[in-house]
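Peer 1: This structure is in structure tokens; I'll ask about it shortly.
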Amino acid sequence: MTARILVVDDVQPNLKLLETRLSIEYFEVLTATNGLDAIAICETGGCDIVLLDVMMPGMDGFEVCRRLRTGSETAHLPIVLVTALDQPADRVRGLEAGADDFLTKPVDEVALIARVRSLARLKFTIDELRSRARHSAAAGMVEAVETLEPDASDRGRLLLVDDQRSSIERIVKALSPHHDVILNRTPSEALAMACEENVDLMIISLGLGAFDGLRLCSQARSHEPTRNLPILLIADRDDRQKVVRGLELGVNDYLSRPIERNELLARVRTNIRQKRYADRLRQIVQQSMEMALYDPLTGLNNRRSFEHRLPAMIETARRRGAPLAMMILDIDYFKHVNDSHGHDAGDQVLKGFAARLQEIVRGGDLLCRLGGEEFVVVMPGVDAAHSAQIAERARRTVEHKEFLIGGAGGSVSITVSIGLAEWRGECDSVELYRRADRALYVSKSAGRNRVTEDAA
């Protein structure tokens, strides 16, 4: 996986060294020698990842990082601080400024490439989600992506997988005042727990006595419920190759022993913030998909869903040699309800009508609101005689019980006209709908409040 990497350093030899290392791995490399130029490049969307030197004249790397995190277009840009500073307090300061990771000079080439590739995966995932959410927001279906704020303020649920007593005590002591820590010493049980429970982060020790921690990471990435769950590795200092391998497997972050409390808290907070932001984006995308396929008033499938699913249902009936019937329903004189009682009352009638249809249709039937006061039911496995019985039952159910409107116990009576058609032979979805609609027209022309079967 390639990416556009912005390297920011005021020292030319350092700049050229990183540029060469990254270019060899086929990354596209951009360079800047000061913070203002770096911010300008980032704000125009010119890069995917920033490798940012800390010690620069004028605006240092910490300040650049903070400014990038305040911009709507750069708030989620992966940032790695590159510095000669190697004290835990320096790493914490960088993480609190919004950095995703720290690389210490002289930069380890293997760790550099592994970290860049890991962050590139994260960036491309977020970009794809943001793009889909933006399209939905532009259509007025969901909130604007720019209004979303990354949030890690609430307590997180952390799953710790470790079997070293001293390590467990240190991690739990540091995290428990701020998060709910669930401990599990058995990897197989931990994976099942992560799949079944709402967990914000898995913390996995590479020092598990009887199990390979990387194997657990790999298994987590292969299961759908944990595919996007952040993983933080706890490693010994001589576990460098394992850490690199973990990043290649999809691990999000790592921390080396001895564990420094503030750095642990900062890394946990960063991973939770990223997860919750990605989760919210996925929720927006899912919401937009539902809005595209479901009627917001009644909660039924809409016309788009009907047109998408009907051909597949007909093909299934054809393959199985099974019957299939369609019923189109139109509420009689619905305009009179709106004119006499108001559109709010009309909406209540539509919702009540949809609810009654849901009581009649079977689980495998397709019930849709086509628009206005027109509804359709597609009934697989149902022949003409059976569909006529169902349609008549629907007509009587609507006619014999009034619909409540308003908040003062008001009600209104309505009736419904229904057209039926049974799928036959080579009839396609357009023809089936046309025949059912023709039968509906006959019902309405003949006085309404009746069921008509298409005879063609």
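Identifiers in the structure tokens: chain A, B, ... in order shown; residue index from 1 per chain; ligand index from 1 in order shown.
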Can you list, as JSON, numbers by chain, every protein, DNA or RNA residue that comes within 10 Å of region 160-176 of chain A when you count only C-alpha atoms, leaving out same-chain residues fewer than 3 positions away?
Peer 2: {"A": [155, 156, 157, 179, 180, 181, 182, 183, 184, 185, 186, 187, 189, 190, 191, 201, 202, 203, 204, 205, 206, 207, 208, 209, 210, 213, 216, 232, 233, 234, 257, 258, 259, 260, 261, 262, 264, 265, 268]}
Peer 1: Would you put the residues from that selection into a file with N, CA, C and O atoms, as a compact mmCIF listing (two decimals), in the first residue's frame?
Peer 2:
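And here is the file that came out, selection.txt:
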```
# COMPACT_ATOMS: atom_id res chain seq x y z
N ARG A 155 -15.61 7.15 29.68
CA ARG A 155 -14.85 5.95 30.04
C ARG A 155 -14.94 4.93 28.92
O ARG A 155 -15.99 4.71 28.33
N GLY A 156 -13.81 4.31 28.62
CA GLY A 156 -13.80 3.26 27.62
C GLY A 156 -13.83 1.89 28.26
O GLY A 156 -13.53 1.73 29.46
N ARG A 157 -14.20 0.89 27.46
CA ARG A 157 -14.16 -0.50 27.91
C ARG A 157 -12.94 -1.15 27.27
O ARG A 157 -12.88 -1.30 26.05
N HIS A 179 -10.93 4.22 32.97
CA HIS A 179 -11.61 3.30 32.06
C HIS A 179 -12.01 2.03 32.81
O HIS A 179 -11.49 1.74 33.89
N ASP A 180 -12.92 1.29 32.19
CA ASP A 180 -13.31 -0.01 32.72
C ASP A 180 -12.42 -1.07 32.08
O ASP A 180 -12.47 -1.26 30.86
N VAL A 181 -11.62 -1.71 32.89
CA VAL A 181 -10.65 -2.69 32.39
C VAL A 181 -11.15 -4.10 32.66
O VAL A 181 -11.44 -4.46 33.80
N ILE A 182 -11.27 -4.89 31.59
CA ILE A 182 -11.67 -6.29 31.71
C ILE A 182 -10.43 -7.14 31.47
O ILE A 182 -9.79 -7.04 30.43
N LEU A 183 -10.09 -7.97 32.43
CA LEU A 183 -8.90 -8.81 32.32
C LEU A 183 -9.27 -10.22 31.89
O LEU A 183 -10.22 -10.81 32.41
N ASN A 184 -8.53 -10.75 30.93
CA ASN A 184 -8.71 -12.14 30.53
C ASN A 184 -7.33 -12.71 30.20
O ASN A 184 -6.63 -12.19 29.33
N ARG A 185 -6.96 -13.77 30.91
CA ARG A 185 -5.63 -14.37 30.72
C ARG A 185 -5.61 -15.42 29.62
O ARG A 185 -4.54 -15.89 29.23
N THR A 186 -6.78 -15.82 29.13
CA THR A 186 -6.88 -16.89 28.13
C THR A 186 -7.21 -16.31 26.77
O THR A 186 -8.30 -15.76 26.58
N PRO A 187 -6.31 -16.38 25.80
CA PRO A 187 -6.53 -15.74 24.50
C PRO A 187 -7.82 -16.15 23.80
O PRO A 187 -8.52 -15.30 23.24
N GLU A 189 -10.63 -17.22 25.07
CA GLU A 189 -11.76 -16.61 25.76
C GLU A 189 -11.80 -15.11 25.52
O GLU A 189 -12.87 -14.51 25.37
N ALA A 190 -10.62 -14.50 25.46
CA ALA A 190 -10.55 -13.06 25.23
C ALA A 190 -11.10 -12.70 23.85
O ALA A 190 -11.82 -11.72 23.69
N LEU A 191 -10.77 -13.52 22.85
CA LEU A 191 -11.27 -13.25 21.50
C LEU A 191 -12.79 -13.37 21.46
O LEU A 191 -13.47 -12.54 20.85
N LEU A 201 -11.14 -1.15 22.99
CA LEU A 201 -9.72 -1.36 22.72
C LEU A 201 -9.27 -2.69 23.32
O LEU A 201 -9.66 -3.04 24.43
N MET A 202 -8.47 -3.43 22.55
CA MET A 202 -7.81 -4.62 23.07
C MET A 202 -6.35 -4.29 23.35
O MET A 202 -5.66 -3.72 22.50
N ILE A 203 -5.91 -4.62 24.55
CA ILE A 203 -4.50 -4.45 24.92
C ILE A 203 -3.92 -5.85 25.06
O ILE A 203 -4.33 -6.62 25.94
N ILE A 204 -3.00 -6.21 24.18
CA ILE A 204 -2.49 -7.58 24.12
C ILE A 204 -1.00 -7.59 24.43
O ILE A 204 -0.21 -6.86 23.81
N SER A 205 -0.63 -8.43 25.38
CA SER A 205 0.77 -8.59 25.71
C SER A 205 1.44 -9.57 24.76
O SER A 205 0.87 -10.63 24.46
N LEU A 206 2.63 -9.22 24.31
CA LEU A 206 3.40 -10.15 23.48
C LEU A 206 4.10 -11.20 24.33
O LEU A 206 4.70 -12.14 23.80
N GLY A 207 4.03 -11.05 25.64
CA GLY A 207 4.71 -11.98 26.54
C GLY A 207 3.83 -13.06 27.11
O GLY A 207 4.11 -13.60 28.19
N LEU A 208 2.74 -13.39 26.42
CA LEU A 208 1.87 -14.46 26.91
C LEU A 208 2.64 -15.77 26.95
O LEU A 208 3.28 -16.17 25.97
N GLY A 209 2.57 -16.46 28.09
CA GLY A 209 3.40 -17.62 28.30
C GLY A 209 3.17 -18.77 27.34
O GLY A 209 4.10 -19.34 26.78
N ALA A 210 1.90 -19.13 27.13
CA ALA A 210 1.60 -20.34 26.36
C ALA A 210 0.95 -20.04 25.02
O ALA A 210 0.42 -20.94 24.37
N GLY A 213 1.10 -13.93 21.07
CA GLY A 213 0.23 -12.76 21.07
C GLY A 213 -0.11 -12.29 19.67
O GLY A 213 -1.21 -11.79 19.41
N LEU A 216 -3.08 -14.06 18.25
CA LEU A 216 -4.34 -13.49 18.72
C LEU A 216 -4.69 -12.24 17.92
O LEU A 216 -5.86 -12.02 17.56
N LEU A 232 -3.72 -2.52 20.90
CA LEU A 232 -2.50 -1.92 21.44
C LEU A 232 -1.62 -3.04 21.97
O LEU A 232 -2.03 -3.79 22.86
N LEU A 233 -0.42 -3.19 21.41
CA LEU A 233 0.51 -4.23 21.85
C LEU A 233 1.35 -3.73 23.02
O LEU A 233 1.79 -2.58 23.03
N ILE A 234 1.60 -4.62 23.98
CA ILE A 234 2.55 -4.36 25.05
C ILE A 234 3.75 -5.26 24.78
O ILE A 234 3.63 -6.49 24.75
N ARG A 257 7.78 -1.94 27.35
CA ARG A 257 8.06 -1.97 28.78
C ARG A 257 9.46 -1.38 29.05
O ARG A 257 10.34 -1.50 28.19
N PRO A 258 9.66 -0.74 30.20
CA PRO A 258 8.70 -0.55 31.29
C PRO A 258 7.63 0.47 30.92
O PRO A 258 7.94 1.49 30.30
N ILE A 259 6.41 0.17 31.30
CA ILE A 259 5.27 1.00 30.89
C ILE A 259 5.24 2.28 31.71
O ILE A 259 5.27 2.24 32.95
N GLU A 260 5.18 3.40 31.02
CA GLU A 260 5.07 4.70 31.67
C GLU A 260 3.59 5.08 31.70
O GLU A 260 2.91 5.09 30.67
N ARG A 261 3.07 5.39 32.87
CA ARG A 261 1.63 5.60 33.08
C ARG A 261 1.04 6.63 32.13
O ARG A 261 0.02 6.37 31.46
N ASN A 262 1.62 7.81 32.04
CA ASN A 262 1.03 8.88 31.23
C ASN A 262 1.05 8.56 29.74
O ASN A 262 0.12 8.90 29.01
N LEU A 264 0.88 5.49 28.52
CA LEU A 264 -0.17 4.49 28.36
C LEU A 264 -1.53 5.17 28.26
O LEU A 264 -2.34 4.86 27.36
N LEU A 265 -1.82 6.11 29.15
CA LEU A 265 -3.10 6.80 29.13
C LEU A 265 -3.28 7.57 27.82
O LEU A 265 -4.37 7.58 27.24
N VAL A 268 -3.92 5.11 24.89
CA VAL A 268 -5.28 4.56 25.00
C VAL A 268 -6.30 5.61 24.57
O VAL A 268 -7.24 5.32 23.81
```
Peer 1: Env of Arg67 (chain A): 8 Å cut, atoms = only C-alpha atoms, seq-sep filter 4 positions within chain, self excluded. Answer as a list in words.
Peer 2: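 Result of the neighbour search: Ile39, Glu63 and Gly71 of chain A.
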Peer 1: Of the candidates A:Arg318, A:Phe334, A:Met327, A:Glu399, which shows the shortest atom-to-atom distance to Ala384 (chain A), using only C-alpha atoms?
Peer 2: A:Met327
Peer 1: Near Glu453 (chain A), counting only C-alpha atoms, which residues have an atom at most 9 Å away, once you skip same-chain residues fewer than 2 positions from it, shown as a PyMOL selection string?
Peer 2: chain A and resi 384+388+418-422+436+439-440+451+455
Peer 1: Using DSSP secondary structure from the backbone, list all strand (DSSP E or B) positions within region 252-375 of chain A, as a ChimeraX atom specification.
Peer 2: /A:253-256,294,301,324-331,366-371,374-375
Peer 1: Those same residues, written as a compact mmCIF listing (two decimals), in the first residue's frame with C-alpha atoms?
Peer 2:
```txt
# COMPACT_ATOMS: atom_id res chain seq x y z
CA ASP A 253 -0.28 0.89 18.28
CA TYR A 254 2.33 -0.46 20.67
CA LEU A 255 3.99 0.40 23.96
CA SER A 256 7.32 -0.87 25.25
CA TYR A 294 -36.59 2.81 3.79
CA ASN A 301 -39.14 -0.41 2.42
CA LEU A 324 -45.53 -15.37 -6.51
CA ALA A 325 -48.18 -12.68 -6.20
CA MET A 326 -48.21 -8.88 -5.99
CA MET A 327 -50.77 -6.72 -4.22
CA ILE A 328 -50.95 -2.93 -4.72
CA LEU A 329 -53.02 -1.00 -2.18
CA ASP A 330 -54.21 2.60 -2.45
CA ILE A 331 -56.03 4.40 0.39
CA LEU A 366 -41.86 -7.61 0.83
CA LEU A 367 -43.96 -4.69 2.11
CA CYS A 368 -43.19 -1.25 0.66
CA ARG A 369 -44.59 2.24 0.59
CA LEU A 370 -44.30 3.34 -3.01
CA GLY A 371 -45.13 6.95 -2.25
CA GLU A 374 -49.84 3.76 -2.31
CA PHE A 375 -48.35 0.56 -0.90
```
Peer 1: Between A:Ala40, A:Leu17, A:Leu103, A:Ile126, which one has atoms that come closest to Val54 (chain A), using only C-alpha atoms?
Peer 2: A:Leu103
